[in-house]
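Asker: See start.pdb below, with PDB, C-alpha atoms (C1' of nucleotides).
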```pdb
MODEL        1
ATOM      1  CA  MET A 338     165.654 175.943  28.806
ATOM      2  CA  ARG A 339     163.457 178.325  30.688
ATOM      3  CA  PRO A 340     165.028 178.088  34.080
ATOM      4  CA  GLN A 341     162.670 180.571  35.700
ATOM      5  CA  THR A 342     159.625 178.767  34.482
ATOM      6  CA  GLN A 343     160.500 175.453  35.996
ATOM      7  CA  LYS A 344     161.519 177.086  39.235
ATOM      8  CA  ALA A 345     158.226 178.938  39.399
ATOM      9  CA  VAL A 346     156.110 175.889  38.627
ATOM     10  CA  GLN A 347     157.953 173.998  41.299
ATOM     11  CA  LEU A 348     157.009 176.737  43.724
ATOM     12  CA  TRP A 349     153.391 176.297  42.861
ATOM     13  CA  ARG A 350     153.472 172.594  43.645
ATOM     14  CA  ASP A 351     155.272 173.210  46.907
ATOM     15  CA  ARG A 352     153.614 176.339  48.198
ATOM     16  CA  CYS A 353     151.114 178.596  46.511
ATOM     17  CA  ALA A 354     150.465 180.143  43.144
ATOM     18  CA  ALA A 355     151.117 183.702  44.279
ATOM     19  CA  GLU A 356     154.790 182.883  44.667
ATOM     20  CA  ILE A 357     154.978 182.090  40.990
ATOM     21  CA  ALA A 358     153.993 185.633  40.160
ATOM     22  CA  ALA A 359     156.422 186.941  42.756
ATOM     23  CA  THR A 360     159.241 184.900  41.249
ATOM     24  CA  VAL A 361     158.502 185.929  37.689
ATOM     25  CA  LEU A 362     157.698 189.603  38.251
ATOM     26  CA  ALA A 363     160.134 190.514  40.989
ATOM     27  CA  GLY A 364     163.362 191.442  39.316
ATOM     28  CA  ALA A 365     165.245 194.691  39.181
ATOM     29  CA  TRP A 366     163.256 197.044  36.960
ATOM     30  CA  LYS A 367     161.013 194.285  35.621
ATOM     31  CA  PRO A 368     157.730 195.951  36.559
ATOM     32  CA  PHE A 369     159.019 199.193  35.134
ATOM     33  CA  ILE A 370     160.074 197.565  31.869
ATOM     34  CA  MET A 371     156.638 195.977  31.579
ATOM     35  CA  HIS A 372     155.067 199.339  32.282
ATOM     36  CA  GLU A 373     156.993 201.047  29.511
ATOM     37  CA  LEU A 374     156.175 198.279  27.073
ATOM     38  CA  ARG A 375     152.510 198.643  27.862
ATOM     39  CA  ARG A 376     152.613 202.365  27.164
ATOM     40  CA  GLU A 377     154.590 202.154  23.961
ATOM     41  CA  SER A 378     153.657 198.674  22.783
ATOM     42  CA  VAL A 379     156.966 198.367  20.894
ATOM     43  CA  LEU A 380     160.393 199.458  22.043
ATOM     44  CA  ARG A 381     163.894 198.871  20.821
ATOM     45  CA  PHE A 382     166.725 198.000  23.165
ATOM     46  CA  GLY A 383     168.224 201.471  23.073
ATOM     47  CA  GLU A 384     164.882 203.093  23.759
ATOM     48  CA  LEU A 385     164.397 200.913  26.800
ATOM     49  CA  ALA A 386     167.919 201.681  27.943
ATOM     50  CA  ARG A 387     167.243 205.403  27.755
ATOM     51  CA  ARG A 388     164.135 204.992  29.889
ATOM     52  CA  THR A 389     165.994 203.108  32.589
ATOM     53  CA  PRO A 390     168.784 205.368  33.823
ATOM     54  CA  GLY A 391     170.481 203.659  36.727
ATOM     55  CA  LEU A 392     170.220 200.268  35.072
ATOM     56  CA  THR A 393     173.236 199.224  33.052
ATOM     57  CA  ASP A 394     173.022 197.704  29.594
ATOM     58  CA  ARG A 395     174.084 194.429  31.113
ATOM     59  CA  GLY A 396     171.322 194.588  33.653
ATOM     60  CA  LEU A 397     168.708 195.459  31.057
ATOM     61  CA  THR A 398     169.780 192.579  28.859
ATOM     62  CA  ARG A 399     169.488 190.173  31.759
ATOM     63  CA  GLN A 400     166.019 191.329  32.716
ATOM     64  CA  LEU A 401     164.821 191.169  29.130
ATOM     65  CA  ARG A 402     166.247 187.696  28.664
ATOM     66  CA  GLU A 403     164.435 186.493  31.747
ATOM     67  CA  LEU A 404     161.165 188.100  30.728
ATOM     68  CA  GLU A 405     161.550 186.479  27.345
ATOM     69  CA  ALA A 406     162.332 183.073  28.852
ATOM     70  CA  ASP A 407     159.229 183.416  31.007
ATOM     71  CA  GLY A 408     157.123 184.256  27.997
ATOM     72  CA  LEU A 409     156.101 187.767  29.001
ATOM     73  CA  VAL A 410     158.060 189.601  26.338
ATOM     74  CA  SER A 411     158.826 188.760  22.734
ATOM     75  CA  ARG A 412     162.024 189.668  20.976
ATOM     76  CA  THR A 413     162.148 190.335  17.257
ATOM     77  CA  VAL A 414     165.496 190.648  15.549
ATOM     78  CA  TYR A 415     165.759 192.366  12.177
ATOM     79  CA  PRO A 416     168.795 191.169  10.240
ATOM     80  CA  GLU A 417     170.027 194.650   9.503
ATOM     81  CA  VAL A 418     173.145 196.606  10.136
ATOM     82  CA  PRO A 419     173.208 198.346  12.510
ATOM     83  CA  PRO A 420     171.146 195.761  14.354
ATOM     84  CA  LYS A 421     167.535 196.405  15.233
ATOM     85  CA  VAL A 422     165.702 194.477  17.911
ATOM     86  CA  GLU A 423     162.147 195.098  18.980
ATOM     87  CA  TYR A 424     160.581 194.139  22.278
ATOM     88  CA  ARG A 425     156.882 193.880  22.944
ATOM     89  CA  LEU A 426     154.541 192.203  25.401
ATOM     90  CA  THR A 427     153.178 188.765  24.644
ATOM     91  CA  ASP A 428     149.583 187.815  25.480
ATOM     92  CA  LEU A 429     150.809 186.476  28.790
ATOM     93  CA  GLY A 430     152.617 189.733  29.385
ATOM     94  CA  VAL A 431     149.463 191.708  28.689
ATOM     95  CA  GLU A 432     147.529 189.511  31.090
ATOM     96  CA  ALA A 433     150.126 190.205  33.762
ATOM     97  CA  GLN A 434     149.285 193.900  33.640
ATOM     98  CA  GLY A 435     146.295 193.328  35.880
ATOM     99  CA  VAL A 436     148.599 191.937  38.519
ATOM    100  CA  LEU A 437     151.006 194.825  38.121
ATOM    101  CA  ASP A 438     148.133 197.271  38.467
ATOM    102  CA  ALA A 439     147.043 195.648  41.714
ATOM    103  CA  MET A 440     150.629 195.713  42.925
ATOM    104  CA  ALA A 441     150.985 199.374  42.006
ATOM    105  CA  ARG A 442     147.779 200.402  43.778
ATOM    106  CA  TRP A 443     148.694 198.636  46.966
ATOM    107  CA  GLY A 444     152.313 199.743  46.716
ATOM    108  CA  LEU A 445     151.236 203.353  46.542
ATOM    109  CA  ALA A 446     149.048 203.031  49.621
ATOM    110  CA  TYR A 447     151.922 201.317  51.398
ATOM    111  CA  ALA A 448     154.351 204.073  50.473
ATOM    112  CA  GLN A 449     152.023 206.834  51.588
ATOM    113  CA  ARG A 450     151.456 205.105  54.875
ATOM    114  CA  SER A 451     155.201 204.712  55.371
ATOM    115  CA  GLU A 452     155.817 208.361  54.595
ATOM    116  CA  ALA A 453     153.144 209.494  57.020
ATOM    117  CA  GLU A 454     154.801 207.435  59.742
ATOM    118  CA  THR A 455     158.334 208.445  58.956
ATOM    119  CA  ALA A 456     157.637 212.176  58.800
ATOM    120  CA  PRO A 457     154.538 212.922  60.868
ATOM    121  CA  ASN A 458     155.490 216.560  61.577
TER     122      ASN A 458
ATOM    123  CA  MET B1434     164.433 201.102  61.513
ATOM    124  CA  ARG B1435     162.277 199.385  58.954
ATOM    125  CA  PRO B1436     164.904 198.739  56.353
ATOM    126  CA  GLN B1437     162.516 197.222  53.828
ATOM    127  CA  THR B1438     160.169 200.147  54.072
ATOM    128  CA  GLN B1439     162.732 202.727  53.173
ATOM    129  CA  LYS B1440     164.099 200.588  50.380
ATOM    130  CA  ALA B1441     160.640 200.129  48.941
ATOM    131  CA  VAL B1442     159.716 203.792  49.136
ATOM    132  CA  GLN B1443     162.956 204.640  47.439
ATOM    133  CA  LEU B1444     161.992 202.295  44.645
ATOM    134  CA  TRP B1445     158.738 204.120  44.195
ATOM    135  CA  ARG B1446     160.453 207.459  43.757
ATOM    136  CA  ASP B1447     162.927 205.993  41.303
ATOM    137  CA  ARG B1448     160.794 203.617  39.288
ATOM    138  CA  CYS B1449     157.206 202.577  39.827
ATOM    139  CA  ALA B1450     154.872 201.640  42.607
ATOM    140  CA  ALA B1451     154.500 198.018  41.541
ATOM    141  CA  GLU B1452     158.094 197.380  42.540
ATOM    142  CA  ILE B1453     157.237 198.306  46.087
ATOM    143  CA  ALA B1454     154.775 195.452  46.260
ATOM    144  CA  ALA B1455     157.298 193.162  44.621
ATOM    145  CA  THR B1456     159.936 194.108  47.169
ATOM    146  CA  VAL B1457     157.653 193.681  50.145
ATOM    147  CA  LEU B1458     155.801 190.542  49.086
ATOM    148  CA  ALA B1459     158.517 188.592  47.320
ATOM    149  CA  GLY B1460     160.395 186.653  49.933
ATOM    150  CA  ALA B1461     160.754 182.962  50.494
ATOM    151  CA  TRP B1462     157.386 181.686  51.718
ATOM    152  CA  LYS B1463     156.014 185.170  52.375
ATOM    153  CA  PRO B1464     152.914 184.776  50.208
ATOM    154  CA  PHE B1465     152.309 181.386  51.764
ATOM    155  CA  ILE B1466     152.653 182.734  55.301
ATOM    156  CA  MET B1467     150.176 185.495  54.473
ATOM    157  CA  HIS B1468     147.845 182.909  53.005
ATOM    158  CA  GLU B1469     147.880 180.811  56.143
ATOM    159  CA  LEU B1470     147.338 183.847  58.328
ATOM    160  CA  ARG B1471     144.344 184.802  56.270
ATOM    161  CA  ARG B1472     142.805 181.370  56.685
ATOM    162  CA  GLU B1473     143.437 181.051  60.392
ATOM    163  CA  SER B1474     143.514 184.714  61.417
ATOM    164  CA  VAL B1475     145.788 183.901  64.360
ATOM    165  CA  LEU B1476     148.736 181.528  64.430
ATOM    166  CA  ARG B1477     151.515 180.859  66.857
ATOM    167  CA  PHE B1478     155.097 180.475  65.755
ATOM    168  CA  GLY B1479     155.084 176.705  66.106
ATOM    169  CA  GLU B1480     151.852 176.377  64.158
ATOM    170  CA  LEU B1481     153.317 178.368  61.307
ATOM    171  CA  ALA B1482     156.477 176.297  61.441
ATOM    172  CA  ARG B1483     154.450 173.091  61.110
ATOM    173  CA  ARG B1484     152.682 174.491  58.047
ATOM    174  CA  THR B1485     155.939 175.340  56.334
ATOM    175  CA  PRO B1486     157.942 172.153  56.035
ATOM    176  CA  GLY B1487     161.063 172.897  54.039
ATOM    177  CA  LEU B1488     161.499 176.243  55.734
ATOM    178  CA  THR B1489     163.758 176.239  58.765
ATOM    179  CA  ASP B1490     162.912 177.976  62.022
ATOM    180  CA  ARG B1491     165.565 180.516  61.203
ATOM    181  CA  GLY B1492     164.027 181.221  57.848
ATOM    182  CA  LEU B1493     160.543 181.546  59.283
ATOM    183  CA  THR B1494     161.744 183.977  61.913
ATOM    184  CA  ARG B1495     163.425 186.105  59.292
ATOM    185  CA  GLN B1496     160.372 186.268  57.063
ATOM    186  CA  LEU B1497     158.115 187.093  59.998
ATOM    187  CA  ARG B1498     160.456 189.821  61.187
ATOM    188  CA  GLU B1499     160.443 191.390  57.746
ATOM    189  CA  LEU B1500     156.678 191.182  57.432
ATOM    190  CA  GLU B1501     156.400 192.786  60.840
ATOM    191  CA  ALA B1502     158.867 195.540  59.958
ATOM    192  CA  ASP B1503     156.850 196.214  56.808
ATOM    193  CA  GLY B1504     153.658 196.430  58.809
ATOM    194  CA  LEU B1505     151.837 193.474  57.248
ATOM    195  CA  VAL B1506     151.891 191.240  60.305
ATOM    196  CA  SER B1507     151.584 191.988  63.996
ATOM    197  CA  ARG B1508     153.362 190.091  66.721
ATOM    198  CA  THR B1509     151.890 189.673  70.180
ATOM    199  CA  VAL B1510     154.044 188.259  72.943
ATOM    200  CA  TYR B1511     152.449 186.793  76.041
ATOM    201  CA  PRO B1512     154.790 186.897  79.029
ATOM    202  CA  GLU B1513     154.294 183.275  79.903
ATOM    203  CA  VAL B1514     156.464 180.267  80.301
ATOM    204  CA  PRO B1515     156.752 178.498  77.969
ATOM    205  CA  PRO B1516     156.572 181.554  75.724
ATOM    206  CA  LYS B1517     153.547 182.216  73.561
ATOM    207  CA  VAL B1518     153.646 184.473  70.533
ATOM    208  CA  GLU B1519     150.755 185.154  68.221
ATOM    209  CA  TYR B1520     150.944 186.394  64.662
ATOM    210  CA  ARG B1521     148.099 187.953  62.747
ATOM    211  CA  LEU B1522     147.585 190.205  59.750
ATOM    212  CA  THR B1523     147.397 193.950  60.217
ATOM    213  CA  ASP B1524     144.974 196.089  58.230
ATOM    214  CA  LEU B1525     147.696 196.646  55.672
ATOM    215  CA  GLY B1526     148.255 192.919  55.525
ATOM    216  CA  VAL B1527     144.569 192.303  54.912
ATOM    217  CA  GLU B1528     144.583 194.901  52.144
ATOM    218  CA  ALA B1529     147.503 193.096  50.518
ATOM    219  CA  GLN B1530     145.359 189.997  50.077
ATOM    220  CA  GLY B1531     143.808 191.486  46.956
ATOM    221  CA  VAL B1532     147.238 191.728  45.421
ATOM    222  CA  LEU B1533     148.098 188.198  46.441
ATOM    223  CA  ASP B1534     144.844 186.962  44.916
ATOM    224  CA  ALA B1535     145.658 188.642  41.628
ATOM    225  CA  MET B1536     149.141 187.164  41.768
ATOM    226  CA  ALA B1537     147.766 183.711  42.480
ATOM    227  CA  ARG B1538     145.264 183.813  39.623
ATOM    228  CA  TRP B1539     147.849 184.900  37.104
ATOM    229  CA  GLY B1540     150.443 182.536  38.556
ATOM    230  CA  LEU B1541     148.116 179.614  38.066
ATOM    231  CA  ALA B1542     147.458 180.511  34.450
ATOM    232  CA  TYR B1543     151.188 180.884  33.942
ATOM    233  CA  ALA B1544     151.917 177.503  35.474
ATOM    234  CA  GLN B1545     149.286 175.746  33.403
ATOM    235  CA  ARG B1546     150.620 177.312  30.245
ATOM    236  CA  SER B1547     154.152 176.241  31.142
ATOM    237  CA  GLU B1548     153.053 172.702  31.823
ATOM    238  CA  ALA B1549     151.201 172.475  28.535
ATOM    239  CA  GLU B1550     154.351 173.548  26.725
ATOM    240  CA  THR B1551     156.715 171.362  28.671
ATOM    241  CA  ALA B1552     154.662 168.176  28.256
ATOM    242  CA  PRO B1553     152.506 168.490  25.148
ATOM    243  CA  ASN B1554     152.264 164.732  24.558
TER     244      ASN B1554
ATOM    245  C1'  DG C1331     191.285 205.629   8.801
ATOM    246  C1'  DC C1332     188.586 206.978  12.807
ATOM    247  C1'  DA C1333     184.582 207.703  15.564
ATOM    248  C1'  DA C1334     179.854 206.760  16.525
ATOM    249  C1'  DG C1335     175.710 204.034  16.747
ATOM    250  C1'  DT C1336     173.465 199.463  17.639
ATOM    251  C1'  DA C1337     172.679 195.481  20.532
ATOM    252  C1'  DC C1338     174.650 192.913  22.692
ATOM    253  C1'  DT C1339     178.260 188.946  25.602
ATOM    254  C1'  DG C1340     181.932 187.636  29.114
ATOM    255  C1'  DT C1341     183.708 188.030  33.343
ATOM    256  C1'  DC C1342     184.699 189.456  37.913
ATOM    257  C1'  DA C1343     183.195 191.694  42.249
ATOM    258  C1'  DT C1344     179.823 192.984  45.408
ATOM    259  C1'  DT C1345     175.536 192.676  47.630
ATOM    260  C1'  DT C1346     171.481 190.308  49.039
ATOM    261  C1'  DT C1347     169.035 186.305  50.207
ATOM    262  C1'  DT C1348     168.647 181.861  51.936
ATOM    263  C1'  DG C1349     170.169 177.354  54.231
ATOM    264  C1'  DA C1350     172.316 174.839  57.917
ATOM    265  C1'  DC C1351     173.253 174.166  62.428
ATOM    266  C1'  DA C1352     174.283 175.056  67.146
ATOM    267  C1'  DG C1353     172.888 177.348  71.297
ATOM    268  C1'  DT C1354     169.558 179.940  74.884
ATOM    269  C1'  DG C1355     166.175 180.144  79.162
ATOM    270  C1'  DT C1356     162.287 178.388  81.592
ATOM    271  C1'  DC C1357     159.111 175.094  83.215
ATOM    272  C1'  DA C1358     156.223 170.714  83.294
ATOM    273  C1'  DG C1359     156.315 165.905  83.395
ATOM    274  C1'  DC C1360     158.723 161.579  84.230
TER     275       DC C1360
ATOM    276  C1'  DG D 318     168.323 165.140  86.995
ATOM    277  C1'  DC D 319     166.940 164.596  82.170
ATOM    278  C1'  DT D 320     163.880 165.524  78.215
ATOM    279  C1'  DG D 321     160.910 168.001  75.540
ATOM    280  C1'  DA D 322     158.115 172.059  74.182
ATOM    281  C1'  DC D 323     158.405 176.850  73.048
ATOM    282  C1'  DA D 324     160.203 180.800  70.438
ATOM    283  C1'  DC D 325     163.643 182.282  69.359
ATOM    284  C1'  DT D 326     169.230 184.378  68.221
ATOM    285  C1'  DG D 327     174.100 184.043  66.345
ATOM    286  C1'  DT D 328     176.993 182.748  63.020
ATOM    287  C1'  DC D 329     178.973 180.822  59.021
ATOM    288  C1'  DA D 330     178.337 179.071  54.241
ATOM    289  C1'  DA D 331     176.211 178.666  49.931
ATOM    290  C1'  DA D 332     173.486 180.493  46.359
ATOM    291  C1'  DA D 333     171.308 184.031  43.761
ATOM    292  C1'  DA D 334     170.869 188.679  42.064
ATOM    293  C1'  DT D 335     172.966 192.788  40.632
ATOM    294  C1'  DG D 336     176.789 196.256  39.368
ATOM    295  C1'  DA D 337     180.880 197.494  36.868
ATOM    296  C1'  DC D 338     183.535 197.403  33.031
ATOM    297  C1'  DA D 339     185.698 195.797  28.924
ATOM    298  C1'  DG D 340     185.124 193.851  24.447
ATOM    299  C1'  DT D 341     182.586 192.443  19.800
ATOM    300  C1'  DA D 342     180.845 192.976  14.690
ATOM    301  C1'  DC D 343     179.341 195.766  11.141
ATOM    302  C1'  DT D 344     178.293 200.023   8.677
ATOM    303  C1'  DT D 345     177.566 204.941   7.789
ATOM    304  C1'  DG D 346     179.428 209.462   7.873
ATOM    305  C1'  DC D 347     183.393 212.601   8.121
TER     306       DC D 347
ENDMDL
END
```
What do you get writing this file as structure tokens?

Answerer:
Amino acid sequence: MRPQTQKAVQLWRDRCAAEIAATVLAGAWKPFIMHELRRESVLRFGELARRTPGLTDRGLTRQLRELEADGLVSRTVYPEVPPKVEYRLTDLGVEAQGVLDAMARWGLAYAQRSEAETAPN
Amino acid sequence: MRPQTQKAVQLWRDRCAAEIAATVLAGAWKPFIMHELRRESVLRFGELARRTPGLTDRGLTRQLRELEADGLVSRTVYPEVPPKVEYRLTDLGVEAQGVLDAMARWGLAYAQRSEAETAPN
DNA sequence: GCAAGTACTGTCATTTTTGACAGTGTCAGC
DNA sequence: GCTGACACTGTCAAAAATGACAGTACTTGC
């Protein structure tokens, strides 16, 4: 189980710890999903899907499964019909928010610099 | 030019700024290369290659080209024979170190947690 | 009895990333 | 004249990530 985890830990032994975070957090829409879960604290699958236009259901499922396998997100299934599944951040997921904040701050500065260069007129 | 840059800025418009950092910093060995450049401040291609066993010359070149295109690393060519090329961090690259530090701290905690789960005996 | 909502899974195709390996030009030293 | 150091590039192949699309089970409402 937990393919990502073992891959990431292997990276740490071989290279450096920052690559673990890169491996775990860098997936299509993963930072955004984490961001939404921080704001709302609990979201159902459909709610997440509505907040991620451009990402297919299949893609969302994959990202959530990986986040779950890596222990950042918990998944709670209610045995009802129609089905109800809730996603929320785990403690580890909450701790990762500091990293995402640092990434967002730097990313913004990077983007502004790029825009200034691309369109200096 | 600067394919990564445009891709990353696009991500920012569509999703969130943290994905920019993820896109720019998450490449094979990129955090490690940045780490070495921080420690040594200047490194030649061969010196970097020796510090990255397991990464081929081709791979190192690719990562360095991307880091250069994204403005994190500068490349200085001395017109000598045999050729001499120096790599160092740009201001933007130095600023990214804070992000990499945050990633490393969280990555370490993540790895330790994973190890404790994997081998609890 | 038919459609809609819910949360998915399976599978194939495409794109992106990485690995492997051969080749390049110049010069110093043997 | 041959080898090695240096810093690469070109190209193909394999692997990984993502997109597209169809299908599933069950129930409520019309």

Asker: Write out chain B, as a short mmCIF file (atom, residue, chain, number, x, y, z; two decimals) with C-alpha atoms, keeping the file's coordinate frame, after superposing it onto chain A by least squares using every C-alpha atom paired in order.

Answerer:
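That gives us selection-v3.cif:
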```cif
data_model
loop_
_atom_site.label_atom_id
_atom_site.label_comp_id
_atom_site.auth_asym_id
_atom_site.auth_seq_id
_atom_site.Cartn_x
_atom_site.Cartn_y
_atom_site.Cartn_z
CA MET B 1434 165.58 175.74 28.97
CA ARG B 1435 163.46 178.31 30.71
CA PRO B 1436 165.03 178.12 34.11
CA GLN B 1437 162.65 180.59 35.72
CA THR B 1438 159.64 178.73 34.45
CA GLN B 1439 160.56 175.46 36.02
CA LYS B 1440 161.53 177.13 39.26
CA ALA B 1441 158.23 178.94 39.40
CA VAL B 1442 156.14 175.88 38.64
CA GLN B 1443 158.01 174.01 41.31
CA LEU B 1444 157.06 176.74 43.74
CA TRP B 1445 153.43 176.29 42.87
CA ARG B 1446 153.51 172.59 43.65
CA ASP B 1447 155.30 173.21 46.92
CA ARG B 1448 153.64 176.34 48.21
CA CYS B 1449 151.13 178.59 46.51
CA ALA B 1450 150.47 180.13 43.15
CA ALA B 1451 151.11 183.70 44.27
CA GLU B 1452 154.79 182.88 44.66
CA ILE B 1453 154.97 182.09 40.98
CA ALA B 1454 153.97 185.64 40.15
CA ALA B 1455 156.41 186.94 42.74
CA THR B 1456 159.22 184.90 41.23
CA VAL B 1457 158.48 185.93 37.68
CA LEU B 1458 157.68 189.60 38.23
CA ALA B 1459 160.11 190.53 40.98
CA GLY B 1460 163.36 191.44 39.34
CA ALA B 1461 165.24 194.68 39.21
CA TRP B 1462 163.26 197.03 36.96
CA LYS B 1463 161.02 194.26 35.62
CA PRO B 1464 157.74 195.93 36.56
CA PHE B 1465 159.03 199.18 35.14
CA ILE B 1466 160.08 197.56 31.87
CA MET B 1467 156.64 195.98 31.56
CA HIS B 1468 155.07 199.34 32.29
CA GLU B 1469 157.00 201.05 29.52
CA LEU B 1470 156.18 198.28 27.08
CA ARG B 1471 152.53 198.65 27.87
CA ARG B 1472 152.63 202.37 27.18
CA GLU B 1473 154.60 202.17 23.97
CA SER B 1474 153.68 198.68 22.78
CA VAL B 1475 156.97 198.38 20.90
CA LEU B 1476 160.41 199.48 22.05
CA ARG B 1477 163.90 198.89 20.82
CA PHE B 1478 166.73 198.00 23.15
CA GLY B 1479 168.24 201.47 23.09
CA GLU B 1480 164.90 203.11 23.78
CA LEU B 1481 164.40 200.93 26.81
CA ALA B 1482 167.93 201.66 27.96
CA ARG B 1483 167.26 205.41 27.77
CA ARG B 1484 164.14 204.98 29.90
CA THR B 1485 166.01 203.11 32.59
CA PRO B 1486 168.80 205.34 33.81
CA GLY B 1487 170.50 203.64 36.73
CA LEU B 1488 170.23 200.26 35.07
CA THR B 1489 173.25 199.21 33.04
CA ASP B 1490 173.04 197.68 29.58
CA ARG B 1491 174.08 194.40 31.11
CA GLY B 1492 171.31 194.56 33.64
CA LEU B 1493 168.71 195.45 31.04
CA THR B 1494 169.77 192.56 28.85
CA ARG B 1495 169.49 190.16 31.74
CA GLN B 1496 166.02 191.30 32.72
CA LEU B 1497 164.82 191.16 29.12
CA ARG B 1498 166.24 187.68 28.65
CA GLU B 1499 164.42 186.48 31.74
CA LEU B 1500 161.16 188.09 30.71
CA GLU B 1501 161.54 186.46 27.33
CA ALA B 1502 162.32 183.06 28.83
CA ASP B 1503 159.22 183.41 31.00
CA GLY B 1504 157.11 184.25 27.99
CA LEU B 1505 156.09 187.77 29.00
CA VAL B 1506 158.05 189.61 26.33
CA SER B 1507 158.82 188.76 22.73
CA ARG B 1508 162.02 189.67 20.96
CA THR B 1509 162.14 190.36 17.24
CA VAL B 1510 165.49 190.67 15.53
CA TYR B 1511 165.77 192.40 12.18
CA PRO B 1512 168.80 191.22 10.22
CA GLU B 1513 170.03 194.70 9.48
CA VAL B 1514 173.15 196.65 10.09
CA PRO B 1515 173.22 198.35 12.49
CA PRO B 1516 171.13 195.74 14.31
CA LYS B 1517 167.53 196.41 15.20
CA VAL B 1518 165.70 194.49 17.90
CA GLU B 1519 162.14 195.10 18.98
CA TYR B 1520 160.58 194.13 22.28
CA ARG B 1521 156.88 193.88 22.94
CA LEU B 1522 154.54 192.20 25.39
CA THR B 1523 153.16 188.77 24.63
CA ASP B 1524 149.58 187.83 25.47
CA LEU B 1525 150.80 186.48 28.78
CA GLY B 1526 152.61 189.74 29.38
CA VAL B 1527 149.46 191.72 28.68
CA GLU B 1528 147.52 189.51 31.08
CA ALA B 1529 150.12 190.21 33.76
CA GLN B 1530 149.27 193.91 33.63
CA GLY B 1531 146.28 193.32 35.89
CA VAL B 1532 148.59 191.94 38.52
CA LEU B 1533 151.00 194.82 38.12
CA ASP B 1534 148.12 197.27 38.47
CA ALA B 1535 147.03 195.65 41.71
CA MET B 1536 150.62 195.72 42.92
CA ALA B 1537 150.97 199.38 42.01
CA ARG B 1538 147.77 200.41 43.78
CA TRP B 1539 148.69 198.63 46.97
CA GLY B 1540 152.31 199.75 46.70
CA LEU B 1541 151.22 203.35 46.54
CA ALA B 1542 149.04 203.02 49.61
CA TYR B 1543 151.92 201.33 51.39
CA ALA B 1544 154.35 204.08 50.46
CA GLN B 1545 152.00 206.83 51.58
CA ARG B 1546 151.45 205.11 54.88
CA SER B 1547 155.19 204.73 55.38
CA GLU B 1548 155.81 208.37 54.60
CA ALA B 1549 153.13 209.50 57.02
CA GLU B 1550 154.79 207.47 59.76
CA THR B 1551 158.32 208.48 58.94
CA ALA B 1552 157.60 212.22 58.82
CA PRO B 1553 154.53 212.95 60.93
CA ASN B 1554 155.50 216.56 61.66
#
```

Asker: Determine which residues of chain B sit within 8 Å of chain A, taking into account all atoms listed in the file, and present them as JSON, numbers by chain.

Answerer: {"B": [1438, 1441, 1442, 1445, 1448, 1449, 1450, 1451, 1452, 1453, 1454, 1455, 1456, 1458, 1459, 1462, 1464, 1465, 1525, 1528, 1529, 1531, 1532, 1533, 1534, 1535, 1536, 1537, 1538, 1539, 1540, 1541, 1543, 1544, 1547]}

Asker: Could you write out the selected residues, including C-alpha atoms, as an mmCIF file, in the frame of the given file?

Answerer:
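Here's the written file out_19.cif:
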```
data_model
loop_
_atom_site.group_PDB
_atom_site.id
_atom_site.type_symbol
_atom_site.label_atom_id
_atom_site.label_comp_id
_atom_site.auth_asym_id
_atom_site.auth_seq_id
_atom_site.Cartn_x
_atom_site.Cartn_y
_atom_site.Cartn_z
ATOM 1 C CA THR B 1438 160.169 200.147 54.072
ATOM 2 C CA ALA B 1441 160.640 200.129 48.941
ATOM 3 C CA VAL B 1442 159.716 203.792 49.136
ATOM 4 C CA TRP B 1445 158.738 204.120 44.195
ATOM 5 C CA ARG B 1448 160.794 203.617 39.288
ATOM 6 C CA CYS B 1449 157.206 202.577 39.827
ATOM 7 C CA ALA B 1450 154.872 201.640 42.607
ATOM 8 C CA ALA B 1451 154.500 198.018 41.541
ATOM 9 C CA GLU B 1452 158.094 197.380 42.540
ATOM 10 C CA ILE B 1453 157.237 198.306 46.087
ATOM 11 C CA ALA B 1454 154.775 195.452 46.260
ATOM 12 C CA ALA B 1455 157.298 193.162 44.621
ATOM 13 C CA THR B 1456 159.936 194.108 47.169
ATOM 14 C CA LEU B 1458 155.801 190.542 49.086
ATOM 15 C CA ALA B 1459 158.517 188.592 47.320
ATOM 16 C CA TRP B 1462 157.386 181.686 51.718
ATOM 17 C CA PRO B 1464 152.914 184.776 50.208
ATOM 18 C CA PHE B 1465 152.309 181.386 51.764
ATOM 19 C CA LEU B 1525 147.696 196.646 55.672
ATOM 20 C CA GLU B 1528 144.583 194.901 52.144
ATOM 21 C CA ALA B 1529 147.503 193.096 50.518
ATOM 22 C CA GLY B 1531 143.808 191.486 46.956
ATOM 23 C CA VAL B 1532 147.238 191.728 45.421
ATOM 24 C CA LEU B 1533 148.098 188.198 46.441
ATOM 25 C CA ASP B 1534 144.844 186.962 44.916
ATOM 26 C CA ALA B 1535 145.658 188.642 41.628
ATOM 27 C CA MET B 1536 149.141 187.164 41.768
ATOM 28 C CA ALA B 1537 147.766 183.711 42.480
ATOM 29 C CA ARG B 1538 145.264 183.813 39.623
ATOM 30 C CA TRP B 1539 147.849 184.900 37.104
ATOM 31 C CA GLY B 1540 150.443 182.536 38.556
ATOM 32 C CA LEU B 1541 148.116 179.614 38.066
ATOM 33 C CA TYR B 1543 151.188 180.884 33.942
ATOM 34 C CA ALA B 1544 151.917 177.503 35.474
ATOM 35 C CA SER B 1547 154.152 176.241 31.142
#
```

Asker: For DG1353 in chain C, work out the shell of residues within 12 Å, counting only C-alpha atoms (C1' of nucleotides) and skipping chain neighbours fewer than 3 positions away, then give it as a short mmCIF file (atom, residue, chain, number, x, y, z; two decimals) with C-alpha atoms (C1' of nucleotides), in the frame of the given file.

Answerer:
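Okay, this is what ended up in result_3.cif:
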```
data_model
loop_
_atom_site.label_atom_id
_atom_site.label_comp_id
_atom_site.auth_asym_id
_atom_site.auth_seq_id
_atom_site.Cartn_x
_atom_site.Cartn_y
_atom_site.Cartn_z
"C1'" DC D 325 163.64 182.28 69.36
"C1'" DT D 326 169.23 184.38 68.22
"C1'" DG D 327 174.10 184.04 66.34
"C1'" DT D 328 176.99 182.75 63.02
#
```
